[in-house]
>>> print(open('model_20.pdb').read())   # PDB, N, CA and C atoms
ATOM      1  N   MET A   1     112.215 111.960  71.524
ATOM      2  CA  MET A   1     112.182 111.869  72.967
ATOM      3  C   MET A   1     113.268 110.890  73.400
ATOM      4  N   ASN A   2     114.084 111.331  74.324
ATOM      5  CA  ASN A   2     115.159 110.459  74.800
ATOM      6  C   ASN A   2     114.674 109.546  75.927
ATOM      7  N   SER A   3     115.545 108.673  76.392
ATOM      8  CA  SER A   3     115.151 107.688  77.401
ATOM      9  C   SER A   3     114.761 108.346  78.726
ATOM     10  N   GLU A   4     115.412 109.439  79.091
ATOM     11  CA  GLU A   4     115.050 110.139  80.336
ATOM     12  C   GLU A   4     113.647 110.739  80.224
ATOM     13  N   ASP A   5     113.330 111.295  79.057
ATOM     14  CA  ASP A   5     111.993 111.856  78.840
ATOM     15  C   ASP A   5     110.939 110.754  78.918
ATOM     16  N   ARG A   6     111.217 109.620  78.284
ATOM     17  CA  ARG A   6     110.268 108.496  78.319
ATOM     18  C   ARG A   6     110.069 108.005  79.742
ATOM     19  N   GLU A   7     111.153 107.972  80.507
ATOM     20  CA  GLU A   7     111.057 107.534  81.908
ATOM     21  C   GLU A   7     110.166 108.490  82.706
ATOM     22  N   LEU A   8     110.330 109.775  82.481
ATOM     23  CA  LEU A   8     109.524 110.763  83.194
ATOM     24  C   LEU A   8     108.044 110.631  82.814
ATOM     25  N   VAL A   9     107.761 110.459  81.526
ATOM     26  CA  VAL A   9     106.377 110.294  81.067
ATOM     27  C   VAL A   9     105.781 109.011  81.626
ATOM     28  N   GLN A  10     106.547 107.928  81.592
ATOM     29  CA  GLN A  10     106.061 106.653  82.134
ATOM     30  C   GLN A  10     105.773 106.775  83.621
ATOM     31  N   PHE A  11     106.655 107.426  84.351
ATOM     32  CA  PHE A  11     106.484 107.651  85.793
ATOM     33  C   PHE A  11     105.192 108.427  86.053
ATOM     34  N   ALA A  12     104.993 109.501  85.296
ATOM     35  CA  ALA A  12     103.788 110.314  85.458
ATOM     36  C   ALA A  12     102.537 109.513  85.133
ATOM     37  N   ALA A  13     102.598 108.731  84.073
ATOM     38  CA  ALA A  13     101.442 107.921  83.684
ATOM     39  C   ALA A  13     101.134 106.867  84.739
ATOM     40  N   ASN A  14     102.167 106.292  85.338
ATOM     41  CA  ASN A  14     101.960 105.292  86.389
ATOM     42  C   ASN A  14     101.305 105.891  87.623
ATOM     43  N   TRP A  15     101.671 107.131  87.951
ATOM     44  CA  TRP A  15     101.134 107.772  89.149
ATOM     45  C   TRP A  15      99.812 108.497  88.902
ATOM     46  N   ALA A  16      99.464 108.757  87.667
ATOM     47  CA  ALA A  16      98.258 109.529  87.341
ATOM     48  C   ALA A  16      96.984 108.977  87.988
ATOM     49  N   PRO A  17      96.762 107.661  87.997
ATOM     50  CA  PRO A  17      95.529 107.155  88.621
ATOM     51  C   PRO A  17      95.415 107.449  90.115
ATOM     52  N   PHE A  18      96.536 107.793  90.714
ATOM     53  CA  PHE A  18      96.569 108.062  92.154
ATOM     54  C   PHE A  18      96.646 109.555  92.462
ATOM     55  N   GLY A  19      96.395 110.372  91.448
ATOM     56  CA  GLY A  19      96.417 111.816  91.641
ATOM     57  C   GLY A  19      97.801 112.426  91.484
ATOM     58  N   GLY A  20      98.731 111.671  90.958
ATOM     59  CA  GLY A  20     100.089 112.176  90.754
ATOM     60  C   GLY A  20     101.037 111.648  91.815
ATOM     61  N   ALA A  21     102.301 111.749  91.514
ATOM     62  CA  ALA A  21     103.340 111.253  92.427
ATOM     63  C   ALA A  21     103.524 112.203  93.601
ATOM     64  N   PRO A  22     103.785 111.654  94.778
ATOM     65  CA  PRO A  22     104.091 112.511  95.923
ATOM     66  C   PRO A  22     105.441 113.208  95.724
ATOM     67  N   PRO A  23     105.583 114.392  96.304
ATOM     68  CA  PRO A  23     106.822 115.161  96.139
ATOM     69  C   PRO A  23     108.090 114.390  96.484
ATOM     70  N   ASP A  24     108.053 113.597  97.551
ATOM     71  CA  ASP A  24     109.263 112.866  97.931
ATOM     72  C   ASP A  24     109.629 111.801  96.898
ATOM     73  N   GLU A  25     108.643 111.192  96.277
ATOM     74  CA  GLU A  25     108.895 110.188  95.239
ATOM     75  C   GLU A  25     109.496 110.840  93.995
ATOM     76  N   VAL A  26     108.996 112.024  93.642
ATOM     77  CA  VAL A  26     109.538 112.769  92.502
ATOM     78  C   VAL A  26     110.996 113.125  92.772
ATOM     79  N   PHE A  27     111.264 113.600  93.968
ATOM     80  CA  PHE A  27     112.631 114.006  94.308
ATOM     81  C   PHE A  27     113.591 112.822  94.312
ATOM     82  N   VAL A  28     113.175 111.717  94.929
ATOM     83  CA  VAL A  28     114.041 110.541  95.003
ATOM     84  C   VAL A  28     114.304 109.976  93.607
ATOM     85  N   THR A  29     113.284 109.956  92.766
ATOM     86  CA  THR A  29     113.403 109.361  91.436
ATOM     87  C   THR A  29     114.166 110.245  90.455
ATOM     88  N   PHE A  30     113.875 111.558  90.473
ATOM     89  CA  PHE A  30     114.438 112.446  89.458
ATOM     90  C   PHE A  30     115.347 113.546  90.011
ATOM     91  N   GLY A  31     115.382 113.698  91.329
ATOM     92  CA  GLY A  31     116.240 114.720  91.922
ATOM     93  C   GLY A  31     115.778 116.130  91.630
ATOM     94  N   MET A  32     114.467 116.317  91.516
ATOM     95  CA  MET A  32     113.932 117.651  91.231
ATOM     96  C   MET A  32     112.662 117.883  92.038
ATOM     97  N   THR A  33     112.327 119.153  92.203
ATOM     98  CA  THR A  33     111.101 119.511  92.910
ATOM     99  C   THR A  33     109.895 119.166  92.045
ATOM    100  N   VAL A  34     108.737 119.113  92.671
ATOM    101  CA  VAL A  34     107.506 118.837  91.933
ATOM    102  C   VAL A  34     107.247 119.920  90.892
ATOM    103  N   ASP A  35     107.505 121.175  91.229
ATOM    104  CA  ASP A  35     107.302 122.255  90.250
ATOM    105  C   ASP A  35     108.158 122.039  89.014
ATOM    106  N   ARG A  36     109.425 121.717  89.207
ATOM    107  CA  ARG A  36     110.324 121.480  88.074
ATOM    108  C   ARG A  36     109.874 120.251  87.277
ATOM    109  N   TYR A  37     109.485 119.205  87.988
ATOM    110  CA  TYR A  37     108.994 117.975  87.366
ATOM    111  C   TYR A  37     107.772 118.264  86.491
ATOM    112  N   GLN A  38     106.819 119.031  87.002
ATOM    113  CA  GLN A  38     105.611 119.352  86.233
ATOM    114  C   GLN A  38     105.938 120.209  85.013
ATOM    115  N   ARG A  39     106.837 121.180  85.169
ATOM    116  CA  ARG A  39     107.238 121.993  84.011
ATOM    117  C   ARG A  39     107.902 121.130  82.952
ATOM    118  N   ARG A  40     108.800 120.260  83.404
ATOM    119  CA  ARG A  40     109.502 119.383  82.460
ATOM    120  C   ARG A  40     108.533 118.434  81.774
ATOM    121  N   LEU A  41     107.591 117.875  82.505
ATOM    122  CA  LEU A  41     106.592 116.972  81.939
ATOM    123  C   LEU A  41     105.763 117.682  80.872
ATOM    124  N   ARG A  42     105.311 118.890  81.191
ATOM    125  CA  ARG A  42     104.527 119.652  80.199
ATOM    126  C   ARG A  42     105.359 119.934  78.952
ATOM    127  N   GLU A  43     106.624 120.280  79.150
ATOM    128  CA  GLU A  43     107.519 120.559  78.020
ATOM    129  C   GLU A  43     107.689 119.310  77.139
ATOM    130  N   ILE A  44     107.919 118.167  77.756
ATOM    131  CA  ILE A  44     108.080 116.911  77.019
ATOM    132  C   ILE A  44     106.810 116.583  76.243
ATOM    133  N   LEU A  45     105.673 116.664  76.922
ATOM    134  CA  LEU A  45     104.412 116.292  76.282
ATOM    135  C   LEU A  45     104.040 117.264  75.168
ATOM    136  N   ARG A  46     104.287 118.545  75.373
ATOM    137  CA  ARG A  46     104.008 119.537  74.325
ATOM    138  C   ARG A  46     104.863 119.268  73.088
ATOM    139  N   THR A  47     106.130 119.002  73.314
ATOM    140  CA  THR A  47     107.047 118.739  72.209
ATOM    141  C   THR A  47     106.644 117.466  71.471
ATOM    142  N   ALA A  48     106.363 116.418  72.209
ATOM    143  CA  ALA A  48     105.975 115.155  71.588
ATOM    144  C   ALA A  48     104.633 115.280  70.881
ATOM    145  N   ARG A  49     103.709 116.012  71.474
ATOM    146  CA  ARG A  49     102.401 116.201  70.851
ATOM    147  C   ARG A  49     102.549 116.993  69.558
ATOM    148  N   ALA A  50     103.459 117.948  69.546
ATOM    149  CA  ALA A  50     103.668 118.763  68.347
ATOM    150  C   ALA A  50     104.125 117.906  67.174
ATOM    151  N   THR A  51     104.865 116.857  67.468
ATOM    152  CA  THR A  51     105.293 115.968  66.390
ATOM    153  C   THR A  51     104.131 115.090  65.932
ATOM    154  N   ASP A  52     103.140 114.937  66.807
ATOM    155  CA  ASP A  52     101.940 114.155  66.509
ATOM    156  C   ASP A  52     102.285 112.749  66.039
ATOM    157  N   SER A  53     103.326 112.206  66.611
ATOM    158  CA  SER A  53     103.764 110.873  66.223
ATOM    159  C   SER A  53     103.914 109.996  67.456
ATOM    160  N   PRO A  54     103.241 108.834  67.493
ATOM    161  CA  PRO A  54     103.395 107.943  68.640
ATOM    162  C   PRO A  54     104.839 107.513  68.858
ATOM    163  N   THR A  55     105.626 107.486  67.797
ATOM    164  CA  THR A  55     107.016 107.075  67.960
ATOM    165  C   THR A  55     107.827 108.121  68.708
ATOM    166  N   ALA A  56     107.301 109.331  68.829
ATOM    167  CA  ALA A  56     107.995 110.356  69.609
ATOM    168  C   ALA A  56     108.115 109.912  71.060
ATOM    169  N   TYR A  57     107.193 109.078  71.509
ATOM    170  CA  TYR A  57     107.219 108.566  72.877
ATOM    171  C   TYR A  57     107.986 107.258  72.969
ATOM    172  N   GLY A  58     108.260 106.646  71.838
ATOM    173  CA  GLY A  58     108.984 105.389  71.842
ATOM    174  C   GLY A  58     108.088 104.174  71.793
ATOM    175  N   ARG A  59     106.886 104.277  72.361
ATOM    176  CA  ARG A  59     105.947 103.161  72.361
ATOM    177  C   ARG A  59     104.530 103.701  72.281
ATOM    178  N   LYS A  60     103.688 103.008  71.558
ATOM    179  CA  LYS A  60     102.315 103.483  71.364
ATOM    180  C   LYS A  60     101.525 103.503  72.664
ATOM    181  N   ASP A  61     101.724 102.528  73.553
ATOM    182  CA  ASP A  61     100.975 102.520  74.805
ATOM    183  C   ASP A  61     101.349 103.715  75.673
ATOM    184  N   ILE A  62     102.628 104.064  75.678
ATOM    185  CA  ILE A  62     103.056 105.247  76.437
ATOM    186  C   ILE A  62     102.486 106.498  75.787
ATOM    187  N   ALA A  63     102.446 106.522  74.457
ATOM    188  CA  ALA A  63     101.888 107.675  73.744
ATOM    189  C   ALA A  63     100.433 107.892  74.127
ATOM    190  N   ARG A  64      99.666 106.825  74.142
ATOM    191  CA  ARG A  64      98.244 106.933  74.486
ATOM    192  C   ARG A  64      98.087 107.463  75.917
ATOM    193  N   ARG A  65      98.849 106.910  76.836
ATOM    194  CA  ARG A  65      98.761 107.346  78.230
ATOM    195  C   ARG A  65      99.246 108.778  78.388
ATOM    196  N   ALA A  66     100.296 109.128  77.654
ATOM    197  CA  ALA A  66     100.855 110.476  77.755
ATOM    198  C   ALA A  66      99.888 111.520  77.219
ATOM    199  N   HIS A  67      99.227 111.220  76.107
ATOM    200  CA  HIS A  67      98.249 112.172  75.574
ATOM    201  C   HIS A  67      97.098 112.376  76.562
ATOM    202  N   LYS A  68      96.657 111.293  77.190
ATOM    203  CA  LYS A  68      95.608 111.413  78.202
ATOM    204  C   LYS A  68      96.113 112.212  79.399
ATOM    205  N   LEU A  69      97.362 111.953  79.781
ATOM    206  CA  LEU A  69      97.962 112.672  80.895
ATOM    207  C   LEU A  69      98.067 114.161  80.597
ATOM    208  N   MET A  70      98.436 114.498  79.368
ATOM    209  CA  MET A  70      98.576 115.904  78.972
ATOM    210  C   MET A  70      97.272 116.657  79.187
ATOM    211  N   GLU A  71      96.154 115.984  78.944
ATOM    212  CA  GLU A  71      94.854 116.616  79.138
ATOM    213  C   GLU A  71      94.596 116.919  80.608
ATOM    214  N   SER A  72      95.232 116.151  81.499
ATOM    215  CA  SER A  72      94.985 116.344  82.932
ATOM    216  C   SER A  72      95.994 117.268  83.602
ATOM    217  N   VAL A  73      97.093 117.583  82.916
ATOM    218  CA  VAL A  73      98.112 118.467  83.490
ATOM    219  C   VAL A  73      97.684 119.894  83.281
ATOM    220  N   GLU A  74      97.360 120.563  84.364
ATOM    221  CA  GLU A  74      96.918 121.948  84.268
ATOM    222  C   GLU A  74      98.089 122.858  83.966
ATOM    223  N   PRO A  75      97.900 123.786  83.038
ATOM    224  CA  PRO A  75      98.991 124.724  82.773
ATOM    225  C   PRO A  75      99.248 125.606  83.998
ATOM    226  N   GLN A  76     100.506 125.852  84.250
ATOM    227  CA  GLN A  76     100.890 126.719  85.348
ATOM    228  C   GLN A  76     101.780 127.804  84.801
ATOM    229  N   ARG A  77     101.807 128.908  85.465
ATOM    230  CA  ARG A  77     102.710 129.995  85.069
ATOM    231  C   ARG A  77     104.130 129.587  85.357
ATOM    232  N   ILE A  78     104.999 129.762  84.400
ATOM    233  CA  ILE A  78     106.407 129.509  84.601
ATOM    234  C   ILE A  78     107.103 130.840  84.784
ATOM    235  N   ARG A  79     107.772 130.967  85.887
ATOM    236  CA  ARG A  79     108.420 132.247  86.201
ATOM    237  C   ARG A  79     109.760 132.351  85.562
TER     238      ARG A  79
END
>>> encode(input="model_20.pdb", output="structure tokens")
Amino acid sequence: MNSEDRELVQFAANWAPFGGAPPDEVFVTFGMTVDRYQRRLREILRTARATDSPTAYGRKDIARRAHKLMESVEPQRIR
């Protein structure tokens, strides 16, 4: 996982207790729509989970939060 991926996971984990980041915050921070952000987040978490290694996230605390976050991210159809 690269630094941009870790930043996205950390951002999502920080906003998770509040029901997720608002669309304008996602756009300002990452320059992408919420749909794109959610697809990218699921892709990052799926890839990192597949490695089953906390170091895939760079830090164990982020790994723990990311795994919990993955459970709360509902799968959506990707067109």
>>> atom_distance(input="model_20.pdb", atom1="atom C of Tyr37 (chain A)", atom2="atom C of Ala16 (chain A)")
14.3 Å
>>> atom_distance(input="model_20.pdb", atom1="atom C of Ala48 (chain A)", atom2="atom N of Asp24 (chain A)")
26.9 Å
>>> atom_distance(input="model_20.pdb", atom1="atom C of Glu25 (chain A)", atom2="atom N of Leu41 (chain A)")
13.6 Å
>>> closest_residue(input="model_20.pdb", among="A:Leu45, A:Phe30, A:Met1, A:Arg36", to="Ala13 (chain A)", atoms="only C-alpha atoms")
A:Leu45
>>> closest_residue(input="model_20.pdb", among="A:Val28, A:Ile44, A:Pro23, A:Gln38", to="Asp5 (chain A)", atoms="only N, CA and C atoms")
A:Ile44
>>> closest_residue(input="model_20.pdb", among="A:Phe27, A:Gly19, A:Thr47, A:Asp35", to="Asn2 (chain A)", atoms="only C-alpha atoms")
A:Thr47
>>> axis_aligned_box(input="model_20.pdb", around="region 32-48 of chain A", padding_each_side="3 Å", output="AutoDock Vina command-line options")
--center_x 109.2 --center_y 118.7 --center_z 81.9 --size_x 16.5 --size_y 13.1 --size_z 28.0
